[in-house]
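Here's work.cif, which has mmCIF, C-alpha atoms and all ligand atoms:
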data_input
loop_
_atom_site.label_atom_id
_atom_site.label_comp_id
_atom_site.auth_asym_id
_atom_site.auth_seq_id
_atom_site.Cartn_x
_atom_site.Cartn_y
_atom_site.Cartn_z
CA MET C 1 115.78 104.88 101.53
CA ALA C 2 115.50 106.96 104.68
CA ALA C 3 117.32 110.29 104.60
CA ASP C 4 120.78 110.14 106.16
CA PRO C 5 120.68 112.71 108.99
CA GLU C 6 124.46 113.15 108.68
CA ILE C 7 124.14 114.71 105.26
CA ARG C 8 122.35 118.03 105.42
CA LEU C 9 120.91 119.28 102.16
CA PRO C 10 119.54 122.79 101.79
CA PRO C 11 115.77 122.94 102.37
CA LEU C 12 113.56 122.94 99.29
CA ARG C 13 110.97 125.68 98.80
CA GLY C 14 107.64 123.85 99.07
CA ALA C 15 103.98 124.66 98.46
CA VAL C 16 100.67 122.83 98.74
CA ILE C 17 97.79 123.10 96.28
CA GLY C 18 94.44 122.51 97.98
CA LEU C 19 93.94 123.09 101.72
CA GLY C 20 91.25 120.48 102.37
CA MET C 21 91.32 117.30 104.44
CA MET C 22 94.66 116.15 103.06
CA GLY C 23 96.20 119.50 102.10
CA ARG C 24 96.06 120.85 105.65
CA HIS C 25 98.30 118.00 106.85
CA HIS C 26 100.74 118.54 103.99
CA ALA C 27 100.77 122.27 104.88
CA ARG C 28 101.65 121.45 108.50
CA LEU C 29 104.57 119.25 107.46
CA LEU C 30 105.87 121.68 104.82
CA GLN C 31 105.93 124.37 107.53
CA THR C 32 107.72 122.22 110.11
CA SER C 33 110.05 119.83 108.27
CA PRO C 34 113.72 120.88 108.19
CA ARG C 35 113.79 119.56 104.62
CA THR C 36 111.45 122.34 103.36
CA THR C 37 110.83 126.07 103.51
CA PHE C 38 107.15 126.81 103.14
CA VAL C 39 106.45 129.36 100.40
CA GLY C 40 102.71 129.12 99.97
CA ALA C 41 99.38 127.33 99.68
CA VAL C 42 96.69 127.67 97.04
CA ASP C 43 92.98 127.28 97.65
CA PRO C 44 90.20 129.35 96.08
CA THR C 45 88.16 128.96 99.28
CA GLY C 46 91.02 130.17 101.49
CA ASP C 47 92.46 128.51 104.59
CA ARG C 48 89.28 127.07 106.13
CA HIS C 49 91.16 124.75 108.49
CA GLY C 50 93.63 127.36 109.72
CA ALA C 51 96.54 125.30 108.39
CA VAL C 52 98.87 128.13 107.34
CA ALA C 53 100.56 130.28 109.99
CA ASP C 54 101.14 133.28 107.70
CA PRO C 55 97.90 134.33 105.91
CA ALA C 56 99.99 136.25 103.33
CA LEU C 57 101.13 132.85 102.00
CA VAL C 58 97.61 131.70 101.03
CA PHE C 59 96.84 132.30 97.33
CA ALA C 60 93.62 131.91 95.36
CA THR C 61 95.22 130.45 92.22
CA VAL C 62 98.30 128.52 91.16
CA ASP C 63 99.19 131.42 88.85
CA ALA C 64 99.26 133.82 91.81
CA LEU C 65 101.61 131.43 93.68
CA LEU C 66 103.93 131.21 90.68
CA ASP C 67 103.82 134.92 89.85
CA ARG C 68 106.42 135.85 92.48
CA PRO C 69 110.16 136.53 92.61
CA VAL C 70 112.19 133.44 91.64
CA ASP C 71 113.52 132.82 95.15
CA GLU C 72 109.96 132.78 96.56
CA ARG C 73 108.60 130.35 93.98
CA PRO C 74 108.23 126.69 94.96
CA GLN C 75 110.68 124.02 93.82
CA ILE C 76 108.28 121.29 94.96
CA ALA C 77 104.50 121.26 95.33
CA ILE C 78 102.07 118.77 96.79
CA VAL C 79 98.87 118.56 94.78
CA ALA C 80 95.95 117.86 97.12
CA VAL C 81 93.02 119.20 95.09
CA PRO C 82 90.02 116.99 94.15
CA THR C 83 91.21 114.20 91.83
CA GLU C 84 89.54 115.66 88.71
CA GLU C 85 91.62 118.85 89.22
CA HIS C 86 94.99 117.05 89.39
CA VAL C 87 95.91 117.31 85.70
CA ALA C 88 95.31 121.08 85.44
CA ALA C 89 97.27 121.82 88.62
CA VAL C 90 100.17 119.56 87.61
CA ALA C 91 100.28 121.03 84.08
CA ALA C 92 100.66 124.59 85.44
CA LEU C 93 103.23 123.62 88.07
CA ALA C 94 105.36 121.42 85.80
CA ALA C 95 105.41 124.10 83.06
CA ALA C 96 106.85 126.47 85.69
CA GLY C 97 109.60 123.96 86.58
CA VAL C 98 108.03 122.77 89.85
CA SER C 99 108.39 119.09 90.82
CA VAL C 100 105.18 117.53 92.12
CA LEU C 101 103.85 114.97 94.53
CA VAL C 102 100.27 114.24 93.46
CA GLU C 103 97.77 112.81 95.93
CA LYS C 104 96.37 109.41 95.07
CA PRO C 105 94.65 108.37 92.88
CA VAL C 106 96.96 110.14 90.44
CA ALA C 107 93.99 110.91 88.16
CA GLU C 108 90.38 109.88 87.65
CA THR C 109 91.00 107.64 84.60
CA PRO C 110 94.03 105.96 82.99
CA GLU C 111 93.79 108.41 80.04
CA ARG C 112 93.94 111.42 82.38
CA ALA C 113 96.83 109.81 84.30
CA ARG C 114 98.80 109.44 81.02
CA GLU C 115 98.04 113.09 80.23
CA LEU C 116 99.39 114.10 83.65
CA ILE C 117 102.55 112.02 83.15
CA ALA C 118 103.11 113.65 79.74
CA HIS C 119 103.03 117.15 81.31
CA VAL C 120 105.64 116.13 83.88
CA ARG C 121 107.92 114.39 81.38
CA GLU C 122 107.73 117.22 78.81
CA ALA C 123 108.66 119.75 81.48
CA GLY C 124 111.55 117.57 82.71
CA VAL C 125 110.55 117.91 86.37
CA HIS C 126 110.19 115.15 88.97
CA GLY C 127 106.85 113.55 89.81
CA ALA C 128 105.58 111.10 92.41
CA VAL C 129 102.22 109.88 93.74
CA GLY C 130 101.04 110.02 97.35
CA HIS C 131 100.22 106.37 97.97
CA VAL C 132 100.92 107.10 101.62
CA GLU C 133 100.19 103.57 102.83
CA ARG C 134 103.60 102.60 101.47
CA CYS C 135 105.07 104.91 104.14
CA ASN C 136 103.18 103.27 107.02
CA PRO C 137 105.83 101.94 109.43
CA ALA C 138 104.06 98.57 109.88
CA LEU C 139 103.83 98.00 106.13
CA LEU C 140 107.41 99.13 105.50
CA GLU C 141 108.65 96.65 108.10
CA LEU C 142 106.31 93.90 106.85
CA ARG C 143 107.65 94.31 103.31
CA ARG C 144 111.28 94.40 104.46
CA ARG C 145 110.81 91.14 106.37
CA ALA C 146 108.83 89.45 103.59
CA LEU C 147 111.41 90.37 100.92
CA GLU C 148 114.22 89.23 103.21
CA GLY C 149 112.61 85.80 103.23
CA GLN C 150 111.19 85.59 106.76
CA LEU C 151 108.01 83.98 105.40
CA GLY C 152 109.72 81.80 102.78
CA ARG C 153 107.67 81.68 99.61
CA ILE C 154 104.70 84.06 99.68
CA PHE C 155 101.38 82.30 99.07
CA HIS C 156 98.77 84.99 99.59
CA ILE C 157 98.27 88.69 100.38
CA ARG C 158 95.05 89.84 102.01
CA THR C 159 94.04 93.47 102.56
CA GLU C 160 91.00 94.52 104.60
CA ARG C 161 89.78 98.12 104.65
CA HIS C 162 86.37 98.46 106.25
CA GLY C 163 84.51 101.24 108.00
CA PRO C 164 81.60 103.66 107.96
CA PHE C 165 81.01 106.08 105.09
CA PRO C 166 83.21 109.14 105.72
CA ALA C 167 81.67 112.60 106.15
CA ARG C 168 83.50 113.96 103.09
CA ILE C 169 80.94 112.80 100.48
CA ARG C 170 82.55 112.52 97.09
CA ASP C 171 81.32 111.48 93.68
CA VAL C 172 83.41 108.29 93.54
CA GLY C 173 83.00 104.80 94.91
CA VAL C 174 85.19 102.73 97.23
CA VAL C 175 87.19 101.32 94.31
CA LYS C 176 88.71 104.65 93.25
CA ASP C 177 88.72 106.29 96.67
CA LEU C 178 90.07 103.44 98.81
CA ALA C 179 90.84 100.26 96.88
CA THR C 180 93.49 102.12 94.83
CA HIS C 181 95.57 101.93 98.05
CA ASP C 182 95.23 98.15 98.14
CA LEU C 183 95.64 97.57 94.41
CA ASP C 184 98.95 99.41 94.72
CA LEU C 185 99.95 97.57 97.92
CA VAL C 186 99.45 93.98 96.78
CA GLY C 187 102.01 94.22 93.96
CA TRP C 188 104.45 96.22 96.12
CA LEU C 189 104.25 93.71 98.99
CA GLY C 190 104.28 90.64 96.76
CA ASP C 191 107.05 92.05 94.56
CA GLY C 192 105.14 91.27 91.37
CA ALA C 193 102.60 92.94 89.11
CA VAL C 194 98.91 92.02 89.20
CA ARG C 195 98.23 89.63 86.31
CA THR C 196 94.59 88.70 86.71
CA LEU C 197 91.67 89.75 88.86
CA ALA C 198 87.93 89.33 89.32
CA ALA C 199 85.69 91.56 91.41
CA GLN C 200 82.21 91.82 92.91
CA THR C 201 80.67 95.04 94.19
CA GLN C 202 77.61 96.12 96.19
CA HIS C 203 75.62 99.40 95.97
CA ARG C 204 73.71 99.69 99.25
CA MET C 205 73.64 103.41 100.14
CA GLY C 206 71.65 104.72 97.18
CA ARG C 207 74.65 106.44 95.62
CA PRO C 208 75.52 105.90 91.95
CA HIS C 209 78.86 104.36 92.93
CA GLU C 210 79.73 101.11 94.68
CA ASP C 211 80.16 101.07 98.45
CA LEU C 212 81.66 97.59 98.81
CA VAL C 213 84.15 95.66 96.70
CA ASN C 214 85.77 92.24 96.95
CA VAL C 215 88.63 91.48 94.57
CA VAL C 216 90.45 88.20 94.09
CA GLY C 217 93.52 87.95 91.89
CA ARG C 218 96.98 86.63 91.17
CA LEU C 219 100.39 88.30 90.90
CA ASP C 220 103.29 87.55 88.59
CA GLY C 221 105.20 84.82 90.38
CA GLY C 222 102.06 83.01 91.50
CA ALA C 223 101.01 84.59 94.81
CA THR C 224 97.26 85.15 95.08
CA PHE C 225 95.58 88.13 96.75
CA THR C 226 92.23 89.33 98.04
CA VAL C 227 91.21 92.94 98.58
CA ALA C 228 88.09 93.64 100.63
CA VAL C 229 86.97 97.24 101.01
CA ASP C 230 83.70 98.83 102.12
CA TRP C 231 81.96 101.87 103.55
CA LEU C 232 79.20 99.78 105.12
CA SER C 233 80.90 98.42 108.25
CA PRO C 234 80.14 99.98 111.63
CA THR C 235 83.76 99.72 112.77
CA LYS C 236 87.03 100.72 111.16
CA VAL C 237 89.44 97.96 110.12
CA ARG C 238 92.74 98.48 108.28
CA ARG C 239 94.62 95.19 108.11
CA THR C 240 97.12 93.70 105.67
CA THR C 241 98.22 90.08 105.93
CA VAL C 242 100.98 88.31 104.03
CA LEU C 243 100.88 84.53 104.31
CA GLY C 244 103.87 82.42 103.38
CA GLU C 245 105.32 78.96 103.87
CA ARG C 246 106.77 79.76 107.33
CA GLY C 247 103.92 81.79 108.78
CA MET C 248 102.07 85.06 108.48
CA LEU C 249 102.85 88.75 108.99
CA VAL C 250 99.88 90.95 109.94
CA ALA C 251 100.04 94.76 109.81
CA ASP C 252 97.39 96.92 111.45
CA THR C 253 97.85 100.25 109.73
CA LEU C 254 95.57 102.13 112.14
CA THR C 255 97.87 101.42 115.07
CA ALA C 256 101.02 100.73 112.99
CA ASP C 257 101.41 97.35 114.72
CA LEU C 258 103.15 94.42 113.04
CA THR C 259 102.70 90.87 114.31
CA PHE C 260 104.36 87.65 113.16
CA HIS C 261 102.49 84.39 113.57
CA ALA C 262 105.03 81.61 113.05
CA ASN C 263 104.05 78.16 111.92
CA GLY C 264 104.38 75.65 114.73
CA GLU C 265 107.50 73.52 114.78
CA VAL C 266 106.37 70.83 117.19
CA ALA C 267 107.28 67.47 115.65
CA SER C 268 104.49 64.95 115.43
CA GLU C 269 105.12 61.54 116.96
CA TRP C 270 102.31 60.04 114.95
CA ASP C 271 103.70 58.92 111.57
CA ALA C 272 100.41 59.08 109.71
CA THR C 273 99.88 62.79 110.46
CA ARG C 274 103.39 63.78 109.35
CA THR C 275 102.49 63.13 105.73
CA LEU C 276 99.56 65.60 105.84
CA ARG C 277 102.02 68.54 106.06
CA GLY C 278 99.42 70.84 107.63
CA VAL C 279 100.25 74.03 109.51
CA SER C 280 99.95 74.41 113.26
CA GLU C 281 100.03 77.48 115.52
CA GLY C 282 103.50 78.58 116.56
CA ASP C 283 104.94 81.57 118.41
CA VAL C 284 103.41 85.01 118.05
CA THR C 285 105.69 88.06 118.09
CA ARG C 286 104.66 91.72 118.02
CA TYR C 287 107.54 93.92 116.89
CA ALA C 288 108.50 97.22 118.48
CA LEU C 289 108.60 99.71 115.61
CA ALA C 290 109.86 103.24 115.25
CA ARG C 291 106.62 104.99 114.31
CA ARG C 292 107.22 107.96 112.02
CA GLU C 293 104.33 109.90 110.51
CA PRO C 294 103.71 108.39 107.05
CA LEU C 295 103.04 111.75 105.37
CA LEU C 296 106.38 113.07 106.65
CA VAL C 297 108.20 110.00 105.33
CA GLU C 298 106.43 110.59 102.00
CA LEU C 299 107.57 114.25 101.95
CA GLU C 300 111.16 113.24 102.69
CA GLY C 301 110.99 110.76 99.79
CA LEU C 302 110.00 113.59 97.46
CA CYS C 303 112.87 115.75 98.74
CA ASP C 304 115.29 112.82 98.23
CA LEU C 305 114.02 112.36 94.67
CA VAL C 306 114.40 116.04 93.77
CA GLN C 307 117.79 116.34 95.49
CA GLY C 308 119.16 113.29 93.68
CA ARG C 309 119.62 110.94 96.62
CA PRO C 310 119.90 107.27 95.62
CA ASP C 311 116.81 105.04 95.81
CA PRO C 312 114.31 107.67 96.92
CA ALA C 313 111.30 106.04 98.59
CA VAL C 314 108.64 107.40 96.25
CA VAL C 315 105.77 105.89 94.30
CA THR C 316 106.39 106.69 90.64
CA LEU C 317 103.81 108.27 88.36
CA GLU C 318 103.79 105.03 86.35
CA GLU C 319 102.98 103.06 89.50
CA GLY C 320 100.18 105.56 90.17
CA LEU C 321 98.90 104.97 86.64
CA ALA C 322 99.02 101.19 87.19
CA ALA C 323 96.82 101.55 90.30
CA VAL C 324 94.26 103.58 88.32
CA GLU C 325 94.31 100.98 85.51
CA LEU C 326 93.72 98.23 88.06
CA ALA C 327 90.81 100.19 89.58
CA ASP C 328 89.36 100.45 86.08
CA ALA C 329 89.79 96.70 85.58
CA VAL C 330 88.07 96.02 88.94
CA LEU C 331 85.04 98.09 87.93
CA ARG C 332 84.83 96.38 84.53
CA SER C 333 85.11 92.95 86.07
CA ALA C 334 82.36 93.79 88.58
CA ALA C 335 80.12 95.08 85.78
CA SER C 336 80.65 92.11 83.45
CA GLY C 337 81.10 89.32 85.97
CA ASP C 338 84.21 88.18 84.09
CA ALA C 339 87.81 87.86 85.27
CA VAL C 340 90.21 90.36 83.67
CA THR C 341 93.78 89.67 82.55
CA ILE C 342 96.22 92.57 82.93
CA THR C 343 99.00 92.94 80.36
CA PRO C 344 101.98 95.22 80.95
CA SER C 345 101.75 98.34 78.78
CA GLY C 346 105.26 99.61 79.43
CA GLU C 347 103.88 102.54 81.42
CA GLY C 348 101.45 101.09 83.87
CA ALA C 349 99.36 98.03 83.16
CA THR C 350 96.56 97.57 80.68
CA ALA C 351 93.56 95.36 81.21
N1 LIG C 401 96.48 109.61 100.59
C1 LIG C 401 95.32 109.42 101.16
O1 LIG C 401 95.15 108.56 102.00
C2 LIG C 401 94.17 110.31 100.78
C3 LIG C 401 93.09 110.47 101.67
C4 LIG C 401 92.07 111.35 101.30
C5 LIG C 401 92.13 112.01 100.08
N2 LIG C 401 93.17 111.81 99.24
C6 LIG C 401 93.25 112.51 97.95
O2 LIG C 401 93.64 113.87 98.19
C7 LIG C 401 93.02 114.72 97.24
C8 LIG C 401 92.22 115.77 98.01
O3 LIG C 401 91.26 115.14 98.82
P1 LIG C 401 90.66 115.82 100.13
O4 LIG C 401 89.94 114.77 100.90
O5 LIG C 401 91.72 116.61 100.81
O6 LIG C 401 89.59 116.81 99.44
P2 LIG C 401 88.95 118.11 100.05
O7 LIG C 401 87.71 118.33 99.26
O8 LIG C 401 88.85 118.03 101.54
O9 LIG C 401 90.00 119.26 99.70
C9 LIG C 401 90.27 119.71 98.41
C10 LIG C 401 90.61 121.20 98.51
O10 LIG C 401 91.06 121.64 97.22
C11 LIG C 401 90.52 122.93 96.99
N3 LIG C 401 90.53 123.17 95.54
C12 LIG C 401 89.63 122.79 94.60
N4 LIG C 401 90.06 123.17 93.38
C13 LIG C 401 91.26 123.77 93.55
C14 LIG C 401 92.20 124.36 92.67
N5 LIG C 401 92.01 124.37 91.36
N6 LIG C 401 93.32 124.91 93.19
C15 LIG C 401 93.54 124.88 94.52
N7 LIG C 401 92.69 124.35 95.41
C16 LIG C 401 91.56 123.79 94.92
C17 LIG C 401 89.13 122.88 97.59
O11 LIG C 401 88.66 124.19 97.88
C18 LIG C 401 89.40 122.07 98.86
O12 LIG C 401 89.72 122.91 99.96
C19 LIG C 401 92.16 113.82 96.35
O13 LIG C 401 92.89 113.45 95.20
C20 LIG C 401 91.94 112.60 97.22
O14 LIG C 401 91.71 111.42 96.46
C21 LIG C 401 94.18 110.98 99.57
#

Would you write the structure of this file as structure tokens?
Amino acid sequence: MAADPEIRLPPLRGAVIGLGMMGRHHARLLQTSPRTTFVGAVDPTGDRHGAVADPALVFATVDALLDRPVDERPQIAIVAVPTEEHVAAVAALAAAGVSVLVEKPVAETPERARELIAHVREAGVHGAVGHVERCNPALLELRRRALEGQLGRIFHIRTERHGPFPARIRDVGVVKDLATHDLDLVGWLGDGAVRTLAAQTQHRMGRPHEDLVNVVGRLDGGATFTVAVDWLSPTKVRRTTVLGERGMLVADTLTADLTFHANGEVASEWDATRTLRGVSEGDVTRYALARREPLLVELEGLCDLVQGRPDPAVVTLEEGLAAVELADAVLRSAASGDAVTITPSGEGATA
């Protein structure tokens, strides 16, 4: 739920852990949002991107950030350190009573994600995961329209995430780095958990990890999905399509455009063709959307969660765990060549 501007809550003291590619953007928003007062950033390598206005607020360790007078300690922190460092950072913050938003993927394996969740639950603080695509204005509007029934029954969800290999070389493949976005999105958009999937990967760049993945699967409720992701394409594509009985909604998350392709409603005068019940091209509508920065919407969701507003728009830690479990299932399916059935584990999902 978007924050109601009429109700002003006191700003929360916020910090960011990790000032790299993602952390610098979180630092900018924590310093400028009226919902937060910036109390510090942690990075052992300092503020290489010049993201923090006051250098006195850059600390080398989480302990140094927390070792300050109570009213200068963070109430919320965004964890934007490399994924393998998430658990340690969250453990220290949660033990100090700090609520956390952890960048996606929530952890490197399902086991580590469960460990992270245990730290948060034992400390009794709030936790959420930064699956920021869910805050993209085109996807928010697509989901609202699909759930309202604009498409009728949903048949299929298709996500496409292609582009060149990014400069920030990392020791993971496309499945954990990028497809976790899509594996989270398909269930959120289709309003049902992933029940079965099969995957194929390619290793073409000489790295130990895959650089292309194609996943096909089915959700609870019967909708099918495909997820296609790679680092081998010479142009960047970020497209999500939901196809239903009345037409198709297409979101371009690079431009935050949403387009509706309606099925044609021109009646056939030829009796024989009426029985084929095929689809024809109808009207095409591109919606005018209010485009708010997804990371800011994500931050406001965290503030809503911590300040007890109803229905905060956050991705739960359990949903983050489910995405990591699905990524694991994708890699196992690609390795074995077999389809994988996902059974609900009560926390996330277990393959
Ligand atoms: N939501 C998204 O779309 C998205 C996009 C990119 C990355 N990410 C995620 O964000 C996280 C960070 O990725 P990135 O691309 O910003 O990485 P990065 O390497 O650019 O930045 C990580 C920063 O953390 C610092 N760091 C390392 N250990 C630390 C510690 N113990 N305490 C404090 N700082 C520490 C490093 O010095 C570095 O500056 C990862 O989990 C990644 O998967 C999410």

### Query
Between C:Thr109, C:Asn214, C:Thr37, C:Thr343, which has the minimum distance to C:Arg195 (counting only C-alpha atoms)?
C:Thr343

### Query
Which of these, C:Ser233, C:Thr226, C:Ser99, C:Ser336, has the shortest distance to C:Leu212 once you count only C-alpha atoms?
C:Ser233

### Message
as a VMD selection string, please: every protein or nucleic acid residue near ligand LIG 401 (chain C) (cut-off 7 Å, counting only C-alpha atoms and all ligand atoms).
### Response
chain C and resid 17 to 23 42 to 45 61 to 62 80 to 83 85 89 103 to 105 130 to 132 168 177

### Query
What is the distance between atom CA of C:Glu160 and atom CA of C:Ala27, in Å to one decimal?
29.4 Å

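Of note, atom CA of C:Arg286 and atom CA of C:Ala138 are spaced 10.7 Å apart.
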
Need the shell around C:Ala88: protein/DNA/RNA residues with any atom at most 12 Å away, counting only C-alpha atoms. Skip same-chain ones fewer than 6 positions apart. Format as a JSON list (two decimals) with C-alpha atoms, in the coordinates of the input?
[["chain", "number", "residue", "atom", "x", "y", "z"],
["C", 17, "ILE", "CA", 97.79, 123.10, 96.28],
["C", 61, "THR", "CA", 95.22, 130.45, 92.22],
["C", 62, "VAL", "CA", 98.30, 128.52, 91.16],
["C", 63, "ASP", "CA", 99.19, 131.42, 88.85],
["C", 79, "VAL", "CA", 98.87, 118.56, 94.78],
["C", 81, "VAL", "CA", 93.02, 119.20, 95.09],
["C", 82, "PRO", "CA", 90.02, 116.99, 94.15],
["C", 94, "ALA", "CA", 105.36, 121.42, 85.80],
["C", 95, "ALA", "CA", 105.41, 124.10, 83.06],
["C", 102, "VAL", "CA", 100.27, 114.24, 93.46],
["C", 107, "ALA", "CA", 93.99, 110.91, 88.16],
["C", 112, "ARG", "CA", 93.94, 111.42, 82.38],
["C", 113, "ALA", "CA", 96.83, 109.81, 84.30],
["C", 115, "GLU", "CA", 98.04, 113.09, 80.23],
["C", 116, "LEU", "CA", 99.39, 114.10, 83.65],
["C", 117, "ILE", "CA", 102.55, 112.02, 83.15],
["C", 119, "HIS", "CA", 103.03, 117.15, 81.31],
["C", 120, "VAL", "CA", 105.64, 116.13, 83.88]]

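The interatomic distance for the pair atom CA of C:Pro10 and atom CA of C:Arg73 works out to 15.4 Å.
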
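Minimum distance to C:Val237 across C:Glu281, C:Gly124, C:Thr224, C:Thr159 (counting all atoms listed in the file) occurs at C:Thr159.
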
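Nearest residue to C:Ala334, choosing from C:Ser280, C:Thr240, C:Thr235, C:Thr201 and counting all atoms listed in the file: C:Thr201.
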
Can you tell me which residues surround stretch 249-256 of chain C at a distance of at most 7 Å, considering only C-alpha atoms, apart from same-chain residues fewer than 4 positions away, and format the answer as a JSON list (two decimals) with C-alpha atoms, in the frame of the given file?
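Saved as around07.json:
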[["chain", "number", "residue", "atom", "x", "y", "z"],
["C", 136, "ASN", "CA", 103.18, 103.27, 107.02],
["C", 137, "PRO", "CA", 105.83, 101.94, 109.43],
["C", 138, "ALA", "CA", 104.06, 98.57, 109.88],
["C", 139, "LEU", "CA", 103.83, 98.00, 106.13],
["C", 142, "LEU", "CA", 106.31, 93.90, 106.85],
["C", 238, "ARG", "CA", 92.74, 98.48, 108.28],
["C", 239, "ARG", "CA", 94.62, 95.19, 108.11],
["C", 240, "THR", "CA", 97.12, 93.70, 105.67],
["C", 241, "THR", "CA", 98.22, 90.08, 105.93],
["C", 242, "VAL", "CA", 100.98, 88.31, 104.03],
["C", 243, "LEU", "CA", 100.88, 84.53, 104.31],
["C", 260, "PHE", "CA", 104.36, 87.65, 113.16],
["C", 261, "HIS", "CA", 102.49, 84.39, 113.57]]

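Proximity of C:Ala223, C:Val129, C:Leu295, C:Ala193 to C:Arg158, computed with only C-alpha atoms, is greatest for C:Ala223.
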
### Task
Might you pull out every residue within 10 Å of C:Gln307, with all atoms listed in the file counted and same-chain residues fewer than 6 positions away left off, and present them as a list in words?
Leu9, Pro10, Pro11, Leu12 and Gly301 of chain C

How big is the axis-aligned box around all listed atoms of stretch 47-53 of chain C once 4 Å goes on each side, and where's its centre, in Å to one decimal, as JSON?
{"center_x": 94.9, "center_y": 127.5, "center_z": 107.3, "size_x": 19.3, "size_y": 13.5, "size_z": 13.4}

#### Entry: Polymer residues at most 7 Å from C:Cys135, only C-alpha atoms, same-chain spacing of 3 or more positions, as a VMD selection string
chain C and resid 132 140 294 297 to 298

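Comparing the minimum interatomic distances between C:Ala64 and each of C:Ala118, C:Ala288, C:Ala77, C:Ala41, counting only C-alpha atoms, we find that C:Ala41 sits nearest.
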
### Query
In file coordinates, which residues lie within 10 Å of (100.5, 130.4, 106.4) using all atoms listed in the file, given as a list in words?
Ala27, Arg28, Gln31, Phe38, Val39, Gly40, Ala41, Asp47, Gly50, Ala51, Val52, Ala53, Asp54, Pro55, Ala56, Leu57, Val58 and Phe59 of chain C

Applying 10 Å and only C-alpha atoms, which residues near C:Asp182 remain after dropping the ones on its own chain fewer than 2 positions away? List them as a PDB file with C-alpha atoms, in the coordinates of the input.
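Ended up saving to result-v8.pdb:
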ATOM      1  CA  HIS C 131     100.220 106.370  97.970  1.00  0.00           C
ATOM      2  CA  GLU C 133     100.190 103.570 102.830  1.00  0.00           C
ATOM      3  CA  ARG C 158      95.050  89.840 102.010  1.00  0.00           C
ATOM      4  CA  THR C 159      94.040  93.470 102.560  1.00  0.00           C
ATOM      5  CA  GLU C 160      91.000  94.520 104.600  1.00  0.00           C
ATOM      6  CA  ARG C 161      89.780  98.120 104.650  1.00  0.00           C
ATOM      7  CA  VAL C 175      87.190 101.320  94.310  1.00  0.00           C
ATOM      8  CA  LEU C 178      90.070 103.440  98.810  1.00  0.00           C
ATOM      9  CA  ALA C 179      90.840 100.260  96.880  1.00  0.00           C
ATOM     10  CA  THR C 180      93.490 102.120  94.830  1.00  0.00           C
ATOM     11  CA  ASP C 184      98.950  99.410  94.720  1.00  0.00           C
ATOM     12  CA  LEU C 185      99.950  97.570  97.920  1.00  0.00           C
ATOM     13  CA  VAL C 186      99.450  93.980  96.780  1.00  0.00           C
ATOM     14  CA  GLY C 187     102.010  94.220  93.960  1.00  0.00           C
ATOM     15  CA  TRP C 188     104.450  96.220  96.120  1.00  0.00           C
ATOM     16  CA  THR C 226      92.230  89.330  98.040  1.00  0.00           C
ATOM     17  CA  VAL C 227      91.210  92.940  98.580  1.00  0.00           C
ATOM     18  CA  ALA C 228      88.090  93.640 100.630  1.00  0.00           C
ATOM     19  CA  VAL C 229      86.970  97.240 101.010  1.00  0.00           C
ATOM     20  CA  THR C 240      97.120  93.700 105.670  1.00  0.00           C
ATOM     21  CA  ALA C 323      96.820 101.550  90.300  1.00  0.00           C
ATOM     22  CA  ALA C 327      90.810 100.190  89.580  1.00  0.00           C
TER      23      ALA C 327
END
